[in-house]
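Enquirer: Dropping in start.txt, which is compact mmCIF, C-alpha atoms and all ligand atoms:
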# COMPACT_ATOMS: atom_id res chain seq x y z
CA MET A 94 42.70 29.09 -36.02
CA GLY A 95 40.53 26.42 -34.32
CA LYS A 96 38.82 27.25 -31.05
CA VAL A 97 39.94 25.41 -27.90
CA ASN A 98 38.79 25.53 -24.28
CA LEU A 99 41.55 24.98 -21.73
CA ILE A 100 42.12 24.71 -17.99
CA LEU A 101 45.39 25.78 -16.35
CA LEU A 102 45.79 23.59 -13.28
CA GLY A 103 48.61 23.89 -10.75
CA PRO A 104 49.50 24.98 -7.23
CA PRO A 105 49.79 28.62 -6.19
CA GLY A 106 52.75 30.23 -7.91
CA ALA A 107 53.07 27.58 -10.61
CA GLY A 108 52.79 30.34 -13.22
CA LYS A 109 49.15 30.07 -14.32
CA GLY A 110 48.61 33.84 -14.55
CA THR A 111 52.01 34.42 -16.17
CA GLN A 112 51.42 31.81 -18.86
CA ALA A 113 47.79 32.86 -19.38
CA LYS A 114 48.94 36.33 -20.43
CA ARG A 115 51.18 34.81 -23.13
CA LEU A 116 48.57 32.32 -24.30
CA VAL A 117 45.90 34.95 -24.96
CA GLU A 118 48.41 36.85 -27.12
CA ARG A 119 48.97 33.78 -29.31
CA TYR A 120 45.62 31.96 -29.43
CA PRO A 121 41.97 33.03 -29.66
CA LEU A 122 41.34 32.62 -25.93
CA VAL A 123 39.68 34.67 -23.19
CA HIS A 124 41.54 34.45 -19.87
CA LEU A 125 39.13 33.81 -16.99
CA SER A 126 40.83 33.79 -13.57
CA SER A 127 38.52 33.01 -10.65
CA GLY A 128 41.04 34.66 -8.28
CA ASP A 129 41.00 37.87 -10.36
CA MET A 130 37.18 37.81 -10.45
CA LEU A 131 37.01 37.48 -6.66
CA ARG A 132 39.64 40.22 -6.16
CA ALA A 133 37.61 42.50 -8.46
CA GLU A 134 34.51 41.85 -6.31
CA ARG A 135 36.50 42.78 -3.23
CA ALA A 136 37.85 45.95 -4.83
CA ALA A 137 34.28 46.92 -5.81
CA GLY A 138 33.10 46.33 -2.22
CA SER A 139 30.24 44.04 -3.32
CA GLU A 140 28.42 41.66 -0.96
CA LEU A 141 30.21 38.74 -2.62
CA GLY A 142 33.54 40.55 -2.20
CA LYS A 143 32.87 40.99 1.54
CA SER A 144 31.86 37.34 1.95
CA VAL A 145 35.00 35.94 0.32
CA GLN A 146 37.55 38.22 2.01
CA SER A 147 38.35 36.14 5.12
CA PHE A 148 38.65 32.90 3.13
CA MET A 149 41.08 34.42 0.65
CA ASP A 150 43.24 36.22 3.19
CA SER A 151 43.69 33.07 5.26
CA GLY A 152 44.55 30.93 2.22
CA LYS A 153 41.39 28.82 2.33
CA LEU A 154 39.18 28.05 -0.64
CA VAL A 155 36.05 30.15 -0.99
CA PRO A 156 33.03 27.82 -0.64
CA ASP A 157 31.83 26.29 -3.92
CA GLU A 158 28.41 27.93 -3.67
CA LEU A 159 29.99 31.40 -3.71
CA VAL A 160 32.35 30.76 -6.64
CA THR A 161 30.81 28.30 -9.08
CA GLU A 162 27.82 30.31 -10.25
CA VAL A 163 29.83 33.49 -10.81
CA VAL A 164 32.51 31.72 -12.84
CA ILE A 165 30.20 29.45 -14.83
CA SER A 166 27.86 32.27 -15.83
CA ARG A 167 30.91 34.23 -17.08
CA ILE A 168 32.15 31.18 -19.06
CA LYS A 169 28.74 30.82 -20.69
CA ARG A 170 28.65 34.52 -21.52
CA GLU A 171 32.11 34.47 -23.11
CA LEU A 172 31.47 31.32 -25.12
CA SER A 173 28.18 32.60 -26.49
CA ALA A 174 29.72 35.98 -27.36
CA GLY A 175 32.14 35.00 -30.10
CA ASP A 176 34.73 32.73 -31.64
CA LYS A 177 37.17 32.65 -28.76
CA GLY A 178 37.62 29.72 -26.40
CA VAL A 179 38.08 30.08 -22.64
CA LEU A 180 41.33 29.70 -20.69
CA LEU A 181 40.33 28.86 -17.12
CA ASP A 182 42.84 29.81 -14.41
CA GLY A 183 42.10 28.78 -10.82
CA PHE A 184 38.78 27.12 -11.64
CA PRO A 185 37.79 24.35 -11.08
CA ARG A 186 39.50 23.78 -7.73
CA THR A 187 37.33 21.03 -6.18
CA GLU A 188 35.74 17.89 -7.55
CA GLN A 189 32.32 19.52 -7.11
CA GLN A 190 33.41 22.51 -9.23
CA ALA A 191 34.79 20.15 -11.90
CA ASN A 192 31.50 18.24 -12.05
CA ASP A 193 29.47 21.46 -12.23
CA LEU A 194 31.73 22.74 -15.01
CA ALA A 195 31.35 19.51 -17.01
CA LYS A 196 27.54 19.75 -16.74
CA ALA A 197 27.49 23.40 -17.74
CA MET A 198 29.74 22.79 -20.77
CA GLU A 199 27.54 19.90 -21.90
CA GLN A 200 24.43 22.09 -21.67
CA ILE A 201 25.93 24.58 -24.11
CA ASN A 202 27.49 21.95 -26.41
CA GLU A 203 31.04 22.83 -25.49
CA LYS A 204 33.88 20.80 -23.99
CA ILE A 205 37.23 21.24 -22.27
CA ASP A 206 39.89 20.19 -24.79
CA ALA A 207 42.87 19.98 -22.44
CA VAL A 208 43.93 20.52 -18.85
CA ILE A 209 47.48 21.89 -18.66
CA ASP A 210 48.88 20.72 -15.34
CA LEU A 211 51.76 22.98 -14.23
CA GLN A 212 53.73 20.88 -11.74
CA LEU A 213 56.01 22.57 -9.22
CA ASP A 214 57.70 21.59 -5.97
CA SER A 215 56.49 23.43 -2.86
CA LYS A 216 60.00 24.76 -1.99
CA VAL A 217 60.14 26.63 -5.29
CA ILE A 218 56.59 27.92 -4.76
CA VAL A 219 57.49 29.70 -1.52
CA GLU A 220 60.50 31.41 -3.20
CA ARG A 221 58.41 32.50 -6.18
CA MET A 222 55.64 33.97 -4.08
CA ALA A 223 58.06 36.02 -1.99
CA GLY A 224 59.20 37.81 -5.17
CA ARG A 225 55.81 38.24 -6.83
CA ARG A 226 54.47 41.74 -7.37
CA SER A 227 51.36 42.68 -9.34
CA CYS A 228 49.77 45.75 -10.84
CA PRO A 229 46.67 46.82 -8.87
CA LYS A 230 45.25 48.38 -12.06
CA CYS A 231 45.69 45.77 -14.84
CA GLY A 232 46.65 42.67 -12.79
CA ARG A 233 49.90 42.09 -14.71
CA VAL A 234 52.21 39.86 -12.70
CA TYR A 235 55.97 40.38 -12.20
CA HIS A 236 58.74 38.71 -10.24
CA LEU A 237 61.52 40.77 -8.67
CA LYS A 238 64.19 38.41 -10.12
CA ALA A 239 62.65 36.20 -12.81
CA ASN A 240 60.44 38.77 -14.50
CA PRO A 241 61.17 42.28 -13.17
CA PRO A 242 59.41 45.46 -14.33
CA LYS A 243 61.48 47.84 -16.51
CA ASN A 244 61.25 50.67 -13.96
CA ASP A 245 61.67 50.11 -10.25
CA ASN A 246 58.44 48.65 -8.81
CA MET A 247 56.21 50.26 -11.49
CA CYS A 248 53.93 48.47 -13.97
CA ASP A 249 55.38 48.58 -17.54
CA ASP A 250 51.90 49.07 -19.00
CA CYS A 251 50.15 51.38 -16.49
CA ASN A 252 53.05 53.13 -14.70
CA VAL A 253 51.27 52.38 -11.40
CA GLU A 254 53.18 51.21 -8.31
CA LEU A 255 53.22 47.42 -7.95
CA ILE A 256 51.80 45.73 -4.85
CA GLN A 257 52.31 42.44 -3.01
CA ARG A 258 49.15 40.35 -2.60
CA PRO A 259 48.05 39.99 1.05
CA ASP A 260 47.84 36.20 0.62
CA ASP A 261 51.50 36.01 -0.50
CA LYS A 262 52.82 36.16 3.08
CA GLU A 263 54.83 32.99 3.71
CA GLU A 264 52.45 31.45 6.29
CA VAL A 265 49.45 32.03 4.03
CA VAL A 266 51.34 30.60 1.02
CA ARG A 267 52.06 27.43 3.05
CA LYS A 268 48.35 27.15 3.89
CA ARG A 269 47.43 27.60 0.19
CA ILE A 270 49.87 24.84 -0.80
CA ALA A 271 48.32 22.49 1.80
CA VAL A 272 44.80 23.37 0.60
CA TYR A 273 45.87 22.67 -3.00
CA GLU A 274 47.20 19.25 -2.02
CA GLU A 275 44.09 18.39 0.02
CA GLN A 276 41.34 19.68 -2.26
CA THR A 277 42.62 20.44 -5.76
CA ALA A 278 45.39 17.95 -6.62
CA ILE A 279 42.67 15.29 -6.87
CA LEU A 280 41.66 16.97 -10.17
CA GLU A 281 44.83 15.59 -11.79
CA ASP A 282 43.36 12.09 -11.53
CA PHE A 283 39.89 13.36 -12.43
CA TYR A 284 41.14 14.75 -15.77
CA ARG A 285 43.70 11.98 -16.36
CA LYS A 286 40.77 9.55 -16.36
CA VAL A 287 38.93 11.73 -18.88
CA GLY A 288 42.12 11.52 -21.01
CA ILE A 289 42.78 15.27 -21.32
CA LEU A 290 45.49 15.89 -18.68
CA LYS A 291 48.75 17.30 -20.10
CA VAL A 292 51.62 17.57 -17.62
CA VAL A 293 54.15 20.42 -17.90
CA ASP A 294 57.29 20.92 -15.76
CA ALA A 295 56.68 24.40 -14.32
CA ALA A 296 60.18 24.57 -12.78
CA GLN A 297 61.63 25.50 -16.18
CA ASP A 298 62.20 29.18 -17.00
CA ILE A 299 59.15 31.19 -18.11
CA ASP A 300 59.92 30.95 -21.87
CA SER A 301 60.51 27.18 -21.74
CA VAL A 302 57.22 26.61 -19.89
CA SER A 303 55.46 28.68 -22.59
CA GLU A 304 57.11 26.61 -25.36
CA SER A 305 55.97 23.36 -23.71
CA ILE A 306 52.39 24.65 -23.53
CA PHE A 307 52.43 25.99 -27.10
CA LYS A 308 53.44 22.53 -28.36
CA ILE A 309 50.51 20.91 -26.55
CA ILE A 310 47.99 23.44 -27.86
CA ASP A 311 49.36 23.36 -31.43
CA GLN A 312 49.00 19.59 -31.45
CA ILE A 313 45.37 19.82 -30.27
CA ILE A 314 44.55 22.42 -32.91
CA GLU A 315 46.19 20.34 -35.70
CA ASN A 316 44.20 17.19 -34.83
P1 LIG B 1 44.26 32.57 -7.21
O1 LIG B 1 44.34 34.00 -7.53
O2 LIG B 1 43.70 31.62 -8.23
O3 LIG B 1 45.70 32.11 -6.75
P2 LIG B 1 46.52 30.74 -6.98
O4 LIG B 1 45.89 29.63 -7.67
O5 LIG B 1 46.99 30.44 -5.60
O6 LIG B 1 47.56 31.13 -7.99
P3 LIG B 1 48.42 32.36 -8.04
O7 LIG B 1 47.72 33.48 -8.73
O8 LIG B 1 48.96 32.67 -6.66
O9 LIG B 1 49.66 31.82 -8.86
P4 LIG B 1 49.89 31.57 -10.41
O10 LIG B 1 49.98 30.11 -10.66
O11 LIG B 1 48.95 32.37 -11.24
O12 LIG B 1 51.36 32.12 -10.51
P5 LIG B 1 51.93 33.46 -11.20
O13 LIG B 1 51.84 33.36 -12.66
O14 LIG B 1 51.37 34.67 -10.53
O15 LIG B 1 43.41 32.34 -5.89
C1 LIG B 1 43.54 33.17 -4.75
C2 LIG B 1 42.47 32.79 -3.73
O16 LIG B 1 41.16 33.02 -4.29
C3 LIG B 1 42.47 31.32 -3.30
O17 LIG B 1 43.38 31.07 -2.25
C4 LIG B 1 40.99 31.15 -2.86
O18 LIG B 1 40.76 31.69 -1.59
C5 LIG B 1 40.23 32.00 -3.87
N1 LIG B 1 39.78 31.24 -5.06
C6 LIG B 1 40.12 31.47 -6.37
N2 LIG B 1 39.52 30.61 -7.19
C7 LIG B 1 38.77 29.78 -6.40
C8 LIG B 1 37.94 28.65 -6.67
N3 LIG B 1 37.77 28.19 -7.93
N4 LIG B 1 37.34 28.03 -5.63
C9 LIG B 1 37.51 28.49 -4.36
N5 LIG B 1 38.30 29.54 -4.04
C10 LIG B 1 38.93 30.19 -5.06
O19 LIG B 1 53.49 33.31 -10.79
C11 LIG B 1 53.92 33.43 -9.44
C12 LIG B 1 55.24 34.22 -9.41
O20 LIG B 1 56.27 33.43 -10.02
C13 LIG B 1 55.21 35.53 -10.22
O21 LIG B 1 56.00 36.48 -9.55
C14 LIG B 1 55.83 35.15 -11.58
O22 LIG B 1 56.47 36.27 -12.21
C15 LIG B 1 56.83 34.08 -11.17
N6 LIG B 1 57.00 33.02 -12.18
C16 LIG B 1 56.01 32.45 -12.94
N7 LIG B 1 56.53 31.48 -13.72
C17 LIG B 1 57.87 31.41 -13.42
C18 LIG B 1 58.95 30.60 -13.89
N8 LIG B 1 58.76 29.63 -14.82
N9 LIG B 1 60.18 30.80 -13.35
C19 LIG B 1 60.38 31.76 -12.41
N10 LIG B 1 59.39 32.57 -11.93
C20 LIG B 1 58.16 32.40 -12.43
For this file, write the structure as structure tokens.
Expert:
Amino acid sequence: MGKVNLILLGPPGAGKGTQAKRLVERYPLVHLSSGDMLRAERAAGSELGKSVQSFMDSGKLVPDELVTEVVISRIKRELSAGDKGVLLDGFPRTEQQANDLAKAMEQINEKIDAVIDLQLDSKVIVERMAGRRSCPKCGRVYHLKANPPKNDNMCDDCNVELIQRPDDKEEVVRKRIAVYEEQTAILEDFYRKVGILKVVDAAQDIDSVSESIFKIIDQIIEN
């Protein structure tokens, strides 16, 4: 199967992590979530982890200079390691990050093939975030109603108790939505101009969103 490099764009709670898990099962892709990378730094107690904590917990973006290098060096490492493409989730999030990514990809003779834009109304976002739970061990994401675990509040894979992310409190979610609209939504135009933006209605159920994305990727691979 042909290699593709993709970006999952969309506001908090649009389903980027949920869909990423399904996409890596179907296509030769490595899932790279900047949020997961930063949470791993925090869990490890690294200097970077300490520096990003207050930004994340208040729903603000971590400054570009703290995020870009970490994510881009990981992208380069993954792309030089094998035949899989990258599936970027949560990066880029500012125009500066998008420009830095484009430069880095050019340097290594790679390109982003498509940006999947998961569009979702902010009312639905707040409801989704209230029901989100995740596994502190493997990061698998659940929803109490839409995608519940098999056993009460335990991860299906790890049998570890699920947690609620500290930035999923309603007031922080509202801040994250505002930050998305102010600093990240601009990337829709950025990638529309490049001709690689693919819009998906993220208000559909989880399977239907997956089907819409599969169609887009299959078409790219066929061409
Ligand atoms: P990050 O971890 O990237 O969070 P986010 O973008 O806000 O996205 P989420 O992980 O909250 O949502 P998602 O779209 O993955 O939704 P999910 O699939 O879980 O970033 C966190 C923080 O890190 C940022 O605020 C910032 O501080 C920092 N950061 C990260 N990257 C950065 C960068 N590049 N630059 C600067 N700062 C950065 O789904 C949500 C819920 O809905 C789940 O419960 C799920 O089960 C459910 N669900 C999913 N799809 C559906 C559906 N179709 N129907 C019903 N329920 C659904």
Enquirer: With all atoms listed in the file as the basis for distance, which of A:Lys169, A:Lys96, A:Arg132, A:Lys216 is at the shortest distance from A:Val145?
Expert: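 Distance minimum relative to A:Val145 lands on A:Arg132.
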Enquirer: How many Å lie between atom CA of A:Glu264 and atom CA of A:Gln146, rounded to one decimal?
Expert: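 Atom-to-atom, atom CA of A:Glu264 to atom CA of A:Gln146, that is 16.9 Å.
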Enquirer: Taking only C-alpha atoms and all ligand atoms into account, list the residues no farther than 6 Å from ligand LIG 1 (chain B), as a PyMOL selection string.
Expert: chain A and resi 104-111+127-129+148-149+152-156+160+183-186+221-222+224-226+234-236+239-240+269+295-299
Enquirer: Could those selected residues go to a file with C-alpha atoms, as a compact mmCIF listing (two decimals), keeping the file's coordinate frame?
Expert:
# COMPACT_ATOMS: atom_id res chain seq x y z
CA PRO A 104 49.50 24.98 -7.23
CA PRO A 105 49.79 28.62 -6.19
CA GLY A 106 52.75 30.23 -7.91
CA ALA A 107 53.07 27.58 -10.61
CA GLY A 108 52.79 30.34 -13.22
CA LYS A 109 49.15 30.07 -14.32
CA GLY A 110 48.61 33.84 -14.55
CA THR A 111 52.01 34.42 -16.17
CA SER A 127 38.52 33.01 -10.65
CA GLY A 128 41.04 34.66 -8.28
CA ASP A 129 41.00 37.87 -10.36
CA PHE A 148 38.65 32.90 3.13
CA MET A 149 41.08 34.42 0.65
CA GLY A 152 44.55 30.93 2.22
CA LYS A 153 41.39 28.82 2.33
CA LEU A 154 39.18 28.05 -0.64
CA VAL A 155 36.05 30.15 -0.99
CA PRO A 156 33.03 27.82 -0.64
CA VAL A 160 32.35 30.76 -6.64
CA GLY A 183 42.10 28.78 -10.82
CA PHE A 184 38.78 27.12 -11.64
CA PRO A 185 37.79 24.35 -11.08
CA ARG A 186 39.50 23.78 -7.73
CA ARG A 221 58.41 32.50 -6.18
CA MET A 222 55.64 33.97 -4.08
CA GLY A 224 59.20 37.81 -5.17
CA ARG A 225 55.81 38.24 -6.83
CA ARG A 226 54.47 41.74 -7.37
CA VAL A 234 52.21 39.86 -12.70
CA TYR A 235 55.97 40.38 -12.20
CA HIS A 236 58.74 38.71 -10.24
CA ALA A 239 62.65 36.20 -12.81
CA ASN A 240 60.44 38.77 -14.50
CA ARG A 269 47.43 27.60 0.19
CA ALA A 295 56.68 24.40 -14.32
CA ALA A 296 60.18 24.57 -12.78
CA GLN A 297 61.63 25.50 -16.18
CA ASP A 298 62.20 29.18 -17.00
CA ILE A 299 59.15 31.19 -18.11
Enquirer: For stretch 201-211 of chain A, please output as a tab-separated table (two decimals) with C-alpha atoms, keeping the file's coordinate frame all residues within 7 Å (counting only C-alpha atoms; exclusion window: fewer than 2 positions along the same chain).
Expert:
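Result saved to result_14.tsv:
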chain	number	residue	atom	x	y	z
A	97	VAL	CA	39.94	25.41	-27.90
A	98	ASN	CA	38.79	25.53	-24.28
A	99	LEU	CA	41.55	24.98	-21.73
A	100	ILE	CA	42.12	24.71	-17.99
A	101	LEU	CA	45.39	25.78	-16.35
A	102	LEU	CA	45.79	23.59	-13.28
A	103	GLY	CA	48.61	23.89	-10.75
A	107	ALA	CA	53.07	27.58	-10.61
A	197	ALA	CA	27.49	23.40	-17.74
A	198	MET	CA	29.74	22.79	-20.77
A	199	GLU	CA	27.54	19.90	-21.90
A	213	LEU	CA	56.01	22.57	-9.22
A	289	ILE	CA	42.78	15.27	-21.32
A	290	LEU	CA	45.49	15.89	-18.68
A	291	LYS	CA	48.75	17.30	-20.10
A	292	VAL	CA	51.62	17.57	-17.62
A	293	VAL	CA	54.15	20.42	-17.90
A	294	ASP	CA	57.29	20.92	-15.76
A	295	ALA	CA	56.68	24.40	-14.32
Enquirer: So the first atom is atom CA of A:Ser126 and the second is atom CA of A:Leu181; what is the distance between them in Å, to one decimal place?
Expert: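 These two atoms are separated by 6.1 Å.
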Enquirer: As an exercise, work out the distance from atom CA of A:Gly178 to atom CA of A:Ser305 in Å and give it to one decimal place.
Expert: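 Taking atom CA of A:Gly178 as the start and atom CA of A:Ser305 as the end point, the length is 19.6 Å.
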Enquirer: With only C-alpha atoms as the atoms that count, which of A:Val217, A:Arg170, A:Leu194, A:Asp157 lies nearest to A:Arg267?
Expert: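 Looking at the shortest contact to A:Arg267, the residue is A:Val217.
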Enquirer: Give as a list of chain:residue names the set of residues within 6 Å of the point (38.9, 20.8, -4.1), where distances use the file's coordinates and all atoms listed in the file.
Expert: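 The residues near that point, listed by chain and number, are A:Arg186, A:Thr187, A:Glu188, A:Gln276, A:Thr277.
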Enquirer: Excluding same-chain residues fewer than 3 positions from A:Leu122, what lies within 12 Å of it counting only C-alpha atoms, as a list of chain:residue names?
Expert: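 Neighbouring residues, sequence-local ones excluded: A:Met94, A:Gly95, A:Lys96, A:Val97, A:Asn98, A:Leu99, A:Ile100, A:Ala113, A:Lys114, A:Arg115, A:Leu116, A:Val117, A:Glu118, A:Arg119, A:Leu125, A:Ile168, A:Glu171, A:Leu172, A:Gly175, A:Asp176, A:Lys177, A:Gly178, A:Val179, A:Leu180, A:Leu181, A:Asp182, A:Ile310.
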Enquirer: Some atoms are missing, so please complete stretch 222-250 of chain A with N, CA and C atoms and return it as a compact mmCIF listing (two decimals), keeping the file's coordinate frame.
Expert:
# COMPACT_ATOMS: atom_id res chain seq x y z
N MET A 222 56.66 33.07 -4.62
CA MET A 222 55.64 33.97 -4.08
C MET A 222 56.25 35.15 -3.37
N ALA A 223 57.42 34.93 -2.72
CA ALA A 223 58.06 36.02 -1.99
C ALA A 223 58.45 37.14 -2.96
N GLY A 224 58.76 36.79 -4.22
CA GLY A 224 59.20 37.81 -5.17
C GLY A 224 58.10 38.31 -6.09
N ARG A 225 56.88 37.81 -5.90
CA ARG A 225 55.81 38.24 -6.83
C ARG A 225 55.31 39.65 -6.49
N ARG A 226 55.12 40.44 -7.52
CA ARG A 226 54.47 41.74 -7.37
C ARG A 226 53.45 41.84 -8.50
N SER A 227 52.34 42.54 -8.25
CA SER A 227 51.36 42.68 -9.34
C SER A 227 50.84 44.09 -9.43
N CYS A 228 50.29 44.41 -10.60
CA CYS A 228 49.77 45.75 -10.84
C CYS A 228 48.34 45.81 -10.32
N PRO A 229 48.03 46.75 -9.41
CA PRO A 229 46.67 46.82 -8.87
C PRO A 229 45.66 47.28 -9.92
N LYS A 230 46.16 47.86 -11.05
CA LYS A 230 45.25 48.38 -12.06
C LYS A 230 44.92 47.30 -13.11
N CYS A 231 45.96 46.70 -13.74
CA CYS A 231 45.69 45.77 -14.84
C CYS A 231 45.90 44.30 -14.44
N GLY A 232 46.46 44.05 -13.26
CA GLY A 232 46.65 42.67 -12.79
C GLY A 232 47.90 42.00 -13.33
N ARG A 233 48.69 42.71 -14.16
CA ARG A 233 49.90 42.09 -14.71
C ARG A 233 50.84 41.65 -13.58
N VAL A 234 51.41 40.46 -13.77
CA VAL A 234 52.21 39.86 -12.70
C VAL A 234 53.70 39.94 -13.04
N TYR A 235 54.51 40.30 -12.05
CA TYR A 235 55.97 40.38 -12.20
C TYR A 235 56.63 39.50 -11.15
N HIS A 236 57.95 39.31 -11.30
CA HIS A 236 58.74 38.71 -10.24
C HIS A 236 60.01 39.53 -10.11
N LEU A 237 60.39 39.85 -8.86
CA LEU A 237 61.52 40.77 -8.67
C LEU A 237 62.79 40.28 -9.37
N LYS A 238 62.99 38.92 -9.44
CA LYS A 238 64.19 38.41 -10.12
C LYS A 238 63.88 37.83 -11.48
N ALA A 239 62.87 36.96 -11.57
CA ALA A 239 62.65 36.20 -12.81
C ALA A 239 61.97 37.01 -13.91
N ASN A 240 61.22 38.03 -13.51
CA ASN A 240 60.44 38.77 -14.50
C ASN A 240 60.20 40.20 -13.99
N PRO A 241 61.32 40.97 -13.82
CA PRO A 241 61.17 42.28 -13.17
C PRO A 241 60.54 43.33 -14.08
N PRO A 242 59.92 44.36 -13.49
CA PRO A 242 59.41 45.46 -14.33
C PRO A 242 60.60 46.28 -14.86
N LYS A 243 60.36 47.05 -15.94
CA LYS A 243 61.48 47.84 -16.51
C LYS A 243 61.91 48.94 -15.55
N ASN A 244 60.92 49.62 -14.93
CA ASN A 244 61.25 50.67 -13.96
C ASN A 244 60.92 50.18 -12.56
N ASP A 245 61.76 50.59 -11.62
CA ASP A 245 61.67 50.11 -10.25
C ASP A 245 60.24 50.07 -9.70
N ASN A 246 59.74 48.87 -9.47
CA ASN A 246 58.44 48.65 -8.81
C ASN A 246 57.23 49.33 -9.47
N MET A 247 57.34 49.64 -10.78
CA MET A 247 56.21 50.26 -11.49
C MET A 247 55.76 49.34 -12.62
N CYS A 248 54.44 49.31 -12.88
CA CYS A 248 53.93 48.47 -13.97
C CYS A 248 54.38 49.02 -15.33
N ASP A 249 54.92 48.15 -16.21
CA ASP A 249 55.38 48.58 -17.54
C ASP A 249 54.23 49.18 -18.36
N ASP A 250 53.03 48.64 -18.18
CA ASP A 250 51.90 49.07 -19.00
C ASP A 250 51.19 50.30 -18.41
